[in-house]
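Asker: File model_3.txt below, compact mmCIF, C-alpha atoms:
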# COMPACT_ATOMS: atom_id res chain seq x y z
CA MET P 1 88.39 17.69 46.15
CA ASN P 2 90.97 20.03 44.56
CA HIS P 3 91.94 19.81 40.89
CA TYR P 4 95.20 18.00 41.68
CA ALA P 5 93.47 15.29 43.70
CA MET P 6 90.72 14.94 41.11
CA LEU P 7 93.26 14.70 38.27
CA ARG P 8 95.10 11.98 40.21
CA THR P 9 91.82 10.06 40.55
CA LEU P 10 91.09 10.48 36.86
CA VAL P 11 94.55 9.32 35.83
CA LEU P 12 94.15 6.22 37.98
CA SER P 13 90.76 5.62 36.38
CA ALA P 14 92.31 5.96 32.94
CA ALA P 15 95.11 3.58 33.88
CA LEU P 16 92.54 0.87 34.58
CA LEU P 17 91.85 0.69 30.86
CA GLY P 18 95.08 -1.21 30.38
CA LEU P 19 94.53 -3.79 33.10
CA PRO P 20 93.44 -7.30 32.03
CA GLY P 21 89.98 -8.36 33.14
CA VAL P 22 88.65 -4.78 33.48
CA THR P 23 85.47 -4.15 31.44
CA LEU P 24 85.11 -0.74 29.85
CA ALA P 25 82.22 1.24 31.31
CA GLN P 26 81.12 2.45 27.89
CA GLY P 27 80.02 0.85 24.61
CA LEU P 28 83.15 1.97 22.74
CA THR P 29 86.08 -0.15 21.63
CA GLN P 30 89.58 0.57 22.94
CA ALA P 31 90.45 1.99 19.51
CA GLU P 32 87.48 4.37 19.65
CA VAL P 33 88.45 5.51 23.15
CA GLN P 34 91.93 6.30 21.89
CA ALA P 35 90.49 8.08 18.83
CA PHE P 36 88.42 10.36 21.07
CA LEU P 37 91.43 11.14 23.27
CA ASP P 38 93.79 11.75 20.35
CA SER P 39 91.32 13.93 18.44
CA HIS P 40 90.62 16.09 21.49
CA ASN P 41 94.28 16.49 22.42
CA GLN P 42 95.23 17.28 18.83
CA ALA P 43 92.61 20.06 18.83
CA ARG P 44 93.87 21.34 22.19
CA CYS P 45 97.40 21.28 20.82
CA ALA P 46 96.23 23.24 17.77
CA VAL P 47 94.80 26.30 19.54
CA ASN P 48 95.92 29.43 17.76
CA PRO P 49 97.02 31.76 19.17
CA PRO P 50 98.67 29.25 21.52
CA ALA P 51 97.61 28.84 25.14
CA ALA P 52 99.67 29.72 28.16
CA ALA P 53 98.60 26.36 29.65
CA MET P 54 96.65 23.55 28.02
CA PRO P 55 96.74 20.17 29.79
CA ALA P 56 96.18 16.98 27.84
CA LEU P 57 92.86 15.26 28.58
CA VAL P 58 92.72 11.81 30.19
CA TRP P 59 89.96 9.22 29.96
CA ASP P 60 87.55 8.81 32.89
CA ASN P 61 85.49 5.61 33.05
CA ASN P 62 82.92 7.27 35.32
CA LEU P 63 82.30 10.05 32.81
CA ALA P 64 82.07 7.39 30.11
CA ALA P 65 79.50 5.47 32.15
CA VAL P 66 77.36 8.60 32.52
CA ALA P 67 77.66 9.35 28.79
CA GLN P 68 76.91 5.77 27.71
CA ASN P 69 73.91 5.48 30.03
CA TRP P 70 72.47 8.62 28.48
CA ALA P 71 73.26 7.44 24.93
CA ASN P 72 71.34 4.24 25.67
CA GLN P 73 68.18 6.32 26.07
CA GLY P 74 68.19 6.98 22.31
CA SER P 75 67.37 10.69 22.64
CA PHE P 76 69.60 13.17 20.79
CA THR P 77 69.30 15.79 23.52
CA HIS P 78 71.52 16.92 26.39
CA ASN P 79 71.47 15.07 29.70
CA ALA P 80 70.27 17.63 32.24
CA THR P 81 71.33 15.44 35.21
CA ARG P 82 74.86 14.58 34.06
CA SER P 83 76.56 16.49 36.91
CA SER P 84 74.48 14.78 39.60
CA ASP P 85 74.88 11.42 37.81
CA TYR P 86 78.65 11.85 37.94
CA GLN P 87 78.54 12.89 41.60
CA ALA P 88 76.55 9.74 42.42
CA LEU P 89 79.37 7.62 40.96
CA THR P 90 82.38 9.52 42.28
CA GLY P 91 81.28 11.81 45.11
CA ASN P 92 82.75 14.76 43.17
CA ALA P 93 80.28 17.66 43.14
CA ILE P 94 81.53 19.41 40.00
CA TYR P 95 79.93 20.73 36.84
CA VAL P 96 80.08 18.29 33.91
CA GLY P 97 80.11 19.67 30.36
CA GLU P 98 78.70 17.80 27.36
CA ASN P 99 79.00 17.70 23.56
CA LEU P 100 76.70 15.78 21.18
CA ALA P 101 77.20 14.79 17.53
CA LEU P 102 74.92 12.83 15.21
CA GLY P 103 75.69 11.32 11.80
CA SER P 104 74.82 8.52 9.40
CA GLY P 105 76.70 5.64 7.83
CA ALA P 106 80.22 4.99 9.12
CA PHE P 107 80.16 7.85 11.63
CA ALA P 108 83.36 7.56 13.67
CA PRO P 109 84.71 9.39 16.76
CA VAL P 110 87.13 11.39 14.60
CA GLY P 111 84.19 12.63 12.52
CA ALA P 112 82.25 13.67 15.63
CA VAL P 113 85.17 15.64 17.06
CA GLY P 114 85.78 17.11 13.60
CA LEU P 115 82.28 18.60 13.61
CA TRP P 116 82.94 20.28 16.96
CA VAL P 117 86.42 21.50 16.06
CA ALA P 118 85.16 22.97 12.75
CA GLU P 119 83.60 25.78 14.82
CA ARG P 120 87.15 27.04 15.44
CA ALA P 121 86.92 29.00 12.18
CA ASP P 122 84.27 31.25 13.81
CA PHE P 123 85.98 31.70 17.18
CA ASN P 124 88.37 34.52 18.08
CA ALA P 125 90.41 33.53 21.12
CA VAL P 126 91.84 37.02 21.56
CA THR P 127 88.43 38.74 21.86
CA ASN P 128 86.57 35.63 23.10
CA THR P 129 83.86 36.14 20.46
CA CYS P 130 82.03 33.86 18.02
CA SER P 131 81.09 35.07 14.53
CA GLY P 132 79.02 31.97 13.68
CA SER P 133 75.81 30.48 15.03
CA THR P 134 77.66 28.55 17.75
CA CYS P 135 81.21 27.95 18.97
CA GLY P 136 80.36 26.21 22.25
CA HIS P 137 81.27 22.69 21.12
CA TYR P 138 84.77 23.84 20.11
CA THR P 139 85.34 25.93 23.23
CA GLN P 140 84.44 22.94 25.43
CA VAL P 141 86.96 20.78 23.55
CA VAL P 142 89.74 23.32 24.25
CA TRP P 143 88.59 24.53 27.70
CA ALA P 144 91.91 24.66 29.54
CA THR P 145 90.61 23.78 33.02
CA THR P 146 88.84 20.64 31.74
CA LEU P 147 90.96 17.64 32.70
CA ALA P 148 89.05 14.51 31.69
CA ILE P 149 86.66 13.13 29.13
CA GLY P 150 84.37 10.10 28.79
CA CYS P 151 82.16 9.27 25.81
CA GLY P 152 79.42 6.87 24.74
CA ARG P 153 77.66 5.88 21.54
CA GLY P 154 73.94 5.37 20.89
CA THR P 155 71.31 5.15 18.18
CA ALA P 156 69.01 8.15 18.22
CA THR P 157 65.30 7.84 17.50
CA SER P 158 64.21 11.36 18.49
CA PRO P 159 64.20 14.17 17.66
CA PHE P 160 66.52 12.96 14.87
CA ALA P 161 67.53 9.46 13.81
CA GLY P 162 71.08 8.16 13.36
CA THR P 163 74.26 7.18 15.19
CA PHE P 164 75.24 9.72 17.82
CA TYR P 165 78.03 10.27 20.33
CA VAL P 166 77.87 11.81 23.80
CA CYS P 167 81.09 13.17 25.33
CA ASP P 168 81.07 14.40 28.94
CA TYR P 169 83.82 16.64 30.36
CA ALA P 170 85.05 17.27 33.91
CA PRO P 171 85.30 19.90 35.09
CA GLY P 172 82.99 21.32 32.44
CA GLY P 173 83.60 24.63 30.67
CA ASN P 174 81.69 27.27 28.70
CA PHE P 175 81.05 29.64 31.58
CA VAL P 176 79.57 32.96 30.45
CA GLY P 177 82.14 35.76 30.36
CA GLN P 178 85.14 33.41 30.61
CA SER P 179 87.60 32.53 27.85
CA PRO P 180 88.36 28.87 27.17
CA TYR P 181 92.08 29.46 27.75
CA VAL P 182 94.61 32.19 28.47
CA VAL P 183 96.49 33.26 25.35
CA ALA P 184 100.26 32.92 25.76
CA SER P 185 102.22 36.16 25.69
CA SER P 186 105.00 34.40 23.77
CA GLY P 187 105.91 30.92 22.60
CA GLY P 188 103.67 28.25 21.14
CA SER P 189 103.83 24.99 23.09
CA ASN P 190 101.49 23.29 25.51
CA ALA P 191 101.09 20.01 27.34
CA ALA P 192 98.33 18.77 25.05
CA CYS P 193 100.85 18.04 22.34
CA GLY P 194 104.22 18.56 23.99
CA THR P 195 105.54 20.14 20.81
CA THR P 196 105.64 23.57 19.28
CA LEU P 197 102.91 24.53 16.81
CA PRO P 198 101.94 23.92 14.01
CA PRO P 199 99.64 21.16 15.29
CA PRO P 200 98.98 17.70 13.84
CA ASN P 201 96.48 17.43 10.99
CA LEU P 202 92.86 16.28 11.56
CA ALA P 203 90.90 14.35 8.94
CA PRO P 204 88.18 16.18 6.98
CA THR P 205 84.48 15.28 7.10
CA ALA P 206 82.58 14.45 3.90
CA SER P 207 78.98 15.53 3.25
CA ALA P 208 77.34 14.17 0.09
CA GLY P 209 74.30 16.44 0.41
CA ALA P 210 70.61 15.75 0.87
CA ASP P 211 68.75 12.83 -0.75
CA GLN P 212 66.78 13.77 -3.88
CA ILE P 213 63.67 12.69 -5.83
CA VAL P 214 63.91 13.53 -9.54
CA ALA P 215 62.13 13.00 -12.86
CA PRO P 216 63.71 10.90 -15.63
CA GLY P 217 65.55 12.79 -18.34
CA GLY P 218 66.44 15.74 -16.09
CA THR P 219 69.90 16.83 -15.00
CA VAL P 220 70.72 15.86 -11.42
CA THR P 221 73.35 17.80 -9.45
CA LEU P 222 75.01 16.32 -6.38
CA ASP P 223 76.34 18.68 -3.72
CA GLY P 224 79.46 18.10 -1.64
CA THR P 225 80.04 21.71 -0.60
CA SER P 226 79.09 21.07 3.03
CA SER P 227 82.20 18.90 3.44
CA ILE P 228 84.63 20.48 5.89
CA ASP P 229 88.25 20.31 6.99
CA PRO P 230 89.04 21.24 10.62
CA GLU P 231 92.09 23.21 9.54
CA GLY P 232 90.30 24.86 6.63
CA ALA P 233 92.46 23.13 4.01
CA ALA P 234 91.28 22.87 0.39
CA LEU P 235 89.54 19.57 -0.30
CA SER P 236 89.58 17.20 -3.24
CA PHE P 237 86.37 15.30 -4.01
CA SER P 238 86.11 11.64 -5.01
CA TRP P 239 82.60 10.53 -6.09
CA SER P 240 81.56 6.99 -7.00
CA GLN P 241 78.28 5.20 -7.64
CA VAL P 242 77.66 2.28 -5.29
CA GLY P 243 74.03 1.40 -6.03
CA GLY P 244 71.36 1.36 -8.75
CA PRO P 245 71.60 1.30 -12.56
CA ALA P 246 74.91 2.77 -13.71
CA VAL P 247 75.00 6.39 -14.87
CA THR P 248 77.85 8.56 -16.11
CA LEU P 249 78.97 11.24 -13.67
CA ASP P 250 80.25 14.52 -15.08
CA THR P 251 82.84 15.65 -12.50
CA SER P 252 84.04 18.77 -14.32
CA SER P 253 82.82 20.57 -11.18
CA PRO P 254 84.28 18.29 -8.47
CA SER P 255 82.02 19.49 -5.66
CA HIS P 256 78.89 19.48 -7.90
CA PRO P 257 78.99 16.45 -10.23
CA THR P 258 76.01 15.95 -12.55
CA PHE P 259 74.30 13.16 -14.44
CA THR P 260 71.16 12.61 -16.49
CA ALA P 261 68.42 10.75 -14.61
CA PRO P 262 67.62 7.56 -16.55
CA VAL P 263 64.30 5.82 -17.11
CA ILE P 264 64.73 2.82 -14.85
CA ASP P 265 63.01 -0.33 -13.63
CA PRO P 266 60.40 0.70 -11.05
CA SER P 267 61.47 -2.21 -8.84
CA SER P 268 64.84 -0.50 -8.18
CA PRO P 269 64.36 3.25 -8.62
CA THR P 270 67.17 4.40 -6.30
CA LEU P 271 70.71 5.42 -7.26
CA THR P 272 73.32 5.62 -4.47
CA PHE P 273 76.52 7.67 -4.59
CA ARG P 274 79.49 7.83 -2.21
CA LEU P 275 81.71 10.82 -1.48
CA VAL P 276 85.19 10.79 0.08
CA VAL P 277 87.11 14.06 0.54
CA ASN P 278 90.85 14.51 1.10
CA ASP P 279 92.75 17.47 2.55
CA GLY P 280 96.00 16.54 0.83
CA ALA P 281 97.11 14.19 3.58
CA LEU P 282 94.08 12.51 5.16
CA SER P 283 90.85 11.14 3.67
CA SER P 284 87.43 11.36 5.29
CA THR P 285 85.11 8.51 6.08
CA PRO P 286 82.63 8.04 3.19
CA ASP P 287 79.23 9.72 3.13
CA LEU P 288 76.32 8.43 1.02
CA VAL P 289 73.49 10.16 -0.82
CA GLU P 290 70.47 8.56 -2.54
CA VAL P 291 68.66 9.77 -5.67
CA ARG P 292 65.24 8.28 -6.40
CA VAL P 293 64.02 8.47 -10.00
CA LEU P 294 60.27 8.66 -10.68
CA ASN P 295 58.93 7.04 -13.85
CA GLY P 296 55.14 7.21 -13.50
CA THR P 297 54.71 3.43 -13.29
CA ILE P 298 54.77 3.13 -9.52
CA PRO P 299 51.21 3.21 -8.12
CA GLY P 300 50.43 6.50 -6.46
CA GLU P 301 53.70 8.05 -7.61
CA GLY P 302 53.67 10.99 -9.98
CA ILE P 303 55.78 13.92 -10.99
CA VAL P 304 54.84 17.28 -9.60
CA GLY P 305 54.54 19.86 -12.35
CA PRO P 306 55.59 23.50 -12.06
CA THR P 307 53.32 25.96 -10.33
CA GLY P 308 50.99 27.67 -12.80
CA PRO P 309 50.88 31.44 -13.21
CA GLN P 310 48.60 33.43 -10.97
CA GLY P 311 45.22 34.08 -12.52
CA PRO P 312 43.96 37.60 -13.19
CA ALA P 313 42.15 39.48 -10.46
CA GLY P 314 38.37 39.03 -10.45
CA LEU P 315 36.10 41.83 -11.63
CA GLN P 316 34.46 44.00 -9.00
CA GLY P 317 30.72 43.46 -8.81
CA GLU P 318 28.37 46.28 -9.78
CA PRO P 319 26.41 48.11 -7.04
CA GLY P 320 22.82 46.98 -6.48
CA PRO P 321 19.92 49.10 -7.77
CA GLN P 322 18.89 52.14 -5.78
CA GLY P 323 15.61 50.38 -4.89
CA LEU P 324 17.40 48.84 -1.93
CA THR P 325 17.17 52.20 -0.20
CA GLY P 326 13.40 52.00 -0.28
CA ALA P 327 13.39 48.71 1.57
CA THR P 328 15.49 50.23 4.32
CA GLY P 329 13.09 53.16 4.56
CA ALA P 330 10.30 50.86 5.70
CA THR P 331 12.04 50.60 9.06
CA GLY P 332 11.69 54.33 9.58
CA ALA P 333 7.88 54.26 9.13
CA THR P 334 7.48 54.86 12.87
CA GLY P 335 8.44 58.50 12.28
CA ALA P 336 6.18 61.35 11.17
CA THR P 337 6.66 60.33 7.54
CA GLY P 338 5.62 56.79 8.26
CA PRO P 339 3.01 56.51 5.47
CA GLN P 340 5.72 57.11 2.90
CA GLY P 341 7.79 54.41 4.45
CA ALA P 342 4.94 51.93 4.22
CA THR P 343 4.75 52.52 0.52
CA GLY P 344 8.47 51.85 0.22
CA ALA P 345 8.04 48.49 1.92
CA GLN P 346 6.40 47.17 -1.17
CA GLY P 347 9.66 47.56 -3.06
CA PRO P 348 11.45 44.31 -2.05
CA ALA P 349 9.43 42.24 -4.43
CA GLY P 350 11.10 44.02 -7.35
CA THR P 351 14.58 44.42 -5.88
CA ASN P 352 15.30 41.34 -3.83
CA ALA P 353 17.66 39.90 -6.41
CA SER P 354 19.93 42.92 -6.13
CA ILE P 355 20.07 43.29 -2.37
CA PRO P 356 23.61 42.46 -1.23
CA ARG P 357 24.32 39.74 1.24
CA GLY P 358 23.21 40.78 4.72
CA GLY P 359 20.56 43.23 3.43
CA ILE P 360 17.33 43.55 5.45
CA ILE P 361 13.73 43.56 4.17
CA MET P 362 10.36 43.58 5.96
CA LEU P 363 7.25 41.89 4.61
CA GLU P 364 3.74 42.09 5.88
CA GLU P 365 2.92 39.01 7.88
CA GLY P 366 1.63 36.26 5.63
CA ALA P 367 3.58 37.44 2.58
CA PRO P 368 6.09 34.80 1.42
CA PRO P 369 9.79 35.87 1.43
CA PRO P 370 11.77 35.75 -1.81
CA PRO P 371 14.34 32.93 -2.20
CA GLY P 372 17.61 33.29 -0.34
CA TYR P 373 16.29 35.10 2.77
CA THR P 374 16.33 33.99 6.40
CA PHE P 375 13.69 35.03 8.96
CA ILE P 376 15.27 36.94 11.86
CA GLY P 377 12.35 38.55 13.76
CA THR P 378 9.02 40.42 13.77
CA THR P 379 7.84 43.97 14.43
CA ARG P 380 4.58 45.84 14.58
CA MET P 381 3.89 49.25 13.14
CA GLU P 382 1.05 51.81 13.48
CA VAL P 383 -0.19 53.06 10.12
CA ARG P 384 -2.89 55.77 9.69
CA GLU P 385 -4.52 55.51 6.30
CA PRO P 386 -5.78 58.75 4.62
CA GLY P 387 -9.32 59.80 5.74
CA ARG P 388 -9.26 57.57 8.84
CA ARG P 389 -8.96 58.75 12.42
CA ASN P 390 -7.74 55.54 14.01
CA GLU P 391 -4.34 53.94 13.42
CA LYS P 392 -4.04 50.50 11.99
CA HIS P 393 -1.61 48.03 13.59
CA ILE P 394 0.23 45.91 10.99
CA ALA P 395 2.61 43.00 11.81
CA PHE P 396 5.76 42.70 9.70
CA ARG P 397 8.26 39.84 9.45
CA ILE P 398 11.94 40.81 9.08
CA TYR P 399 14.27 38.85 6.74
CA ARG P 400 18.00 39.02 6.02
CA LYS P 401 19.58 38.04 2.74
CA ASN P 402 21.86 35.01 2.97
Is it possible to give me this structure as structure tokens?
Answerer:
Amino acid sequence: MNHYAMLRTLVLSAALLGLPGVTLAQGLTQAEVQAFLDSHNQARCAVNPPAAAMPALVWDNNLAAVAQNWANQGSFTHNATRSSDYQALTGNAIYVGENLALGSGAFAPVGAVGLWVAERADFNAVTNTCSGSTCGHYTQVVWATTLAIGCGRGTATSPFAGTFYVCDYAPGGNFVGQSPYVVASSGGSNAACGTTLPPPNLAPTASAGADQIVAPGGTVTLDGTSSIDPEGAALSFSWSQVGGPAVTLDTSSPSHPTFTAPVIDPSSPTLTFRLVVNDGALSSTPDLVEVRVLNGTIPGEGIVGPTGPQGPAGLQGEPGPQGLTGATGATGATGATGPQGATGAQGPAGTNASIPRGGIIMLEEGAPPPPGYTFIGTTRMEVREPGRRNEKHIAFRIYRKN
């Protein structure tokens, strides 16, 4: 099917949304469907430098069905079979692109698209390069040959928990070596908005920072610096406390308000704060952060103290007495100087305490080993005593120090 025929099919599919008695294929409300369409087309309208051609996206119920079915699985990961799933519904063997976004609280479609579009700040359309960790979500949103979108909503349980959205795109984009759109040689209009740039404004996204666990009496600093505006506009910060015993917020630093952690009732140790940001025209949806105050009265709950200084280095042990050499010499008694070695074998009784770990001694069989030694084997030696013609065979037991 060519792009014209497919677009005609998609437009017809989108038109069904207005017919009475037709059930939406996805778990989104009509208002959320429109929010996804408007947010995407506003971003496509806003490409800068402008595109030579940028069609407006239409809604496709079949894409939405694929996205919603995947969202129902509760896994915040990409659907590897989305293209074949779409082909099974439509017969169209095309590549389907996909974007995912996860959030907490009142996470709306506009917020999800805002996260993807925020990557625009790192993307250079002229050189088709990305200076950040990723720009692929944004480039899929503004991929010029993509004609349709369908999204679904789910509750993720792995690998992260929260509300998440899945948006599938046909035909999909993000092909290696290709630019998302052709930059216009002149002018600044496209079909996604039907007007000349500048584009319409998108709402910012608030981030109230990570939850904290603090000690009473300490200064607590909240952090809203991860809040973003798709157009990069300066943000104003509005903080309010919505849970727990009341505290006084010092907002002299709007993005980093502070307060003193109180000593509170252990039955309700959590303080909750809400952040809303505004770009001068539009406000974000609220984001919440919780601060739990420890007070030492909750069983099993304590305050972790600072790490202590590193202790001094231990002293190096002194070398063992030279007598250890004599014990080793007993092994060499099989040589011509064997009698001298036999005499040395008597030494371990006086030096066993100084033999380092792993040292070897030999004792005549029947002699008890000193404490701390392990038997490892036996040997026999020929010893010729002075004035005697015949050798004497003596059995030795070999021990190693533990």
Asker: Leaving out P:Asn99 and any residue of its chain fewer than 3 positions from it, which residues lie within 10 Å of it when counting all atoms listed in the file, given as a count of residues only?
Answerer: 17
Asker: Within 6 Å of P:Thr260, counting all atoms listed in the file, which residues show up once you throw out same-chain ones fewer than 5 positions away? Write them as an mmCIF file with C-alpha atoms, in the frame of the given file, please.
Answerer:
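See around25.cif below for the written result:
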data_model
loop_
_atom_site.group_PDB
_atom_site.id
_atom_site.type_symbol
_atom_site.label_atom_id
_atom_site.label_comp_id
_atom_site.auth_asym_id
_atom_site.auth_seq_id
_atom_site.Cartn_x
_atom_site.Cartn_y
_atom_site.Cartn_z
ATOM 1 C CA GLY P 217 65.550 12.790 -18.340
ATOM 2 C CA GLY P 218 66.440 15.740 -16.090
ATOM 3 C CA THR P 219 69.900 16.830 -15.000
#
Asker: Expressed in Å to a single decimal, how great is the separation between atom CA of P:Gly111 and atom CA of P:Pro159?
Answerer: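 Those two atoms sit 20.7 Å apart.
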Asker: Counting only C-alpha atoms, figure out which residue out of P:Phe273, P:Phe160, P:Trp59, P:Phe375 gets nearest to P:Phe259.
Answerer: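 Of P:Phe273, P:Phe160, P:Trp59, P:Phe375, the one nearest P:Phe259 is P:Phe273, counting only C-alpha atoms.
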Asker: Could you check the closest approach to P:Asn61 for each of P:Ile149, P:Ala210, P:Ala118, P:Ala46 and tell me which residue wins, using only C-alpha atoms?
Answerer: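 Closest residue, counting only C-alpha atoms: P:Ile149.
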Asker: Would you mind reading off the distance between atom CA of P:Tyr86 and atom CA of P:Val182, one decimal, in Å?
Answerer: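 Going from atom CA of P:Tyr86 over to atom CA of P:Val182, I get 27.5 Å.
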Asker: Counting only C-alpha atoms, which of P:Leu100, P:Val33, P:Met362, P:Leu147 gets nearest to P:Trp70?
Answerer: P:Leu100
Asker: Quick check, in Å to one decimal: how far apart do atom CA of P:Asp279 and atom CA of P:Thr251 lie?
Answerer: 18.1 Å
Asker: Using all atoms listed in the file, which residues sit within 9 Å of P:Pro180 once same-chain residues fewer than 3 positions away are excluded, as a CSV table (one decimal) with C-alpha atoms, in the frame of the given file?
Answerer:
chain,number,residue,atom,x,y,z
P,125,ALA,CA,90.4,33.5,21.1
P,128,ASN,CA,86.6,35.6,23.1
P,139,THR,CA,85.3,25.9,23.2
P,140,GLN,CA,84.4,22.9,25.4
P,141,VAL,CA,87.0,20.8,23.6
P,142,VAL,CA,89.7,23.3,24.2
P,143,TRP,CA,88.6,24.5,27.7
P,144,ALA,CA,91.9,24.7,29.5
P,145,THR,CA,90.6,23.8,33.0
P,173,GLY,CA,83.6,24.6,30.7
P,174,ASN,CA,81.7,27.3,28.7
P,175,PHE,CA,81.0,29.6,31.6
Asker: Got a sec: who's within 7 Å of stretch 229-241 of chain P, counting only C-alpha atoms, leaving out chain neighbours fewer than 2 positions off, as a ChimeraX atom specification?
Answerer: /P:114,117-118,202-205,243,254-255,272-279
Asker: So which one's closest to P:Ala64, P:Asp265, P:Asp122, P:Glu364, P:Glu98? Using all atoms listed in the file, please.
Answerer: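 Closest to P:Ala64, using all atoms listed in the file: P:Glu98.
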Asker: Excluding stretch 365-372 of chain P and residues on its chain fewer than 2 positions from it, collect all residues at most 7 Å away from it, counting only C-alpha atoms, and give them as a list in words.
Answerer: Asn352, Leu363, Thr374, Ala395, Phe396, Arg397, Lys401 and Asn402 of chain P
Asker: With all atoms listed in the file as the atoms that count, which of P:Glu119, P:Thr270, P:Gln34, P:Ser284 lies nearest to P:Ala206?
Answerer: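 Comparing P:Glu119, P:Thr270, P:Gln34, P:Ser284 against P:Ala206, the winner is P:Ser284.
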Asker: Between P:Leu115, P:Met54, P:Leu89, P:Ile94, which residue has the minimum interatomic distance to P:Ala184, considering all atoms listed in the file?
Answerer: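 Nearest to P:Ala184: P:Met54.
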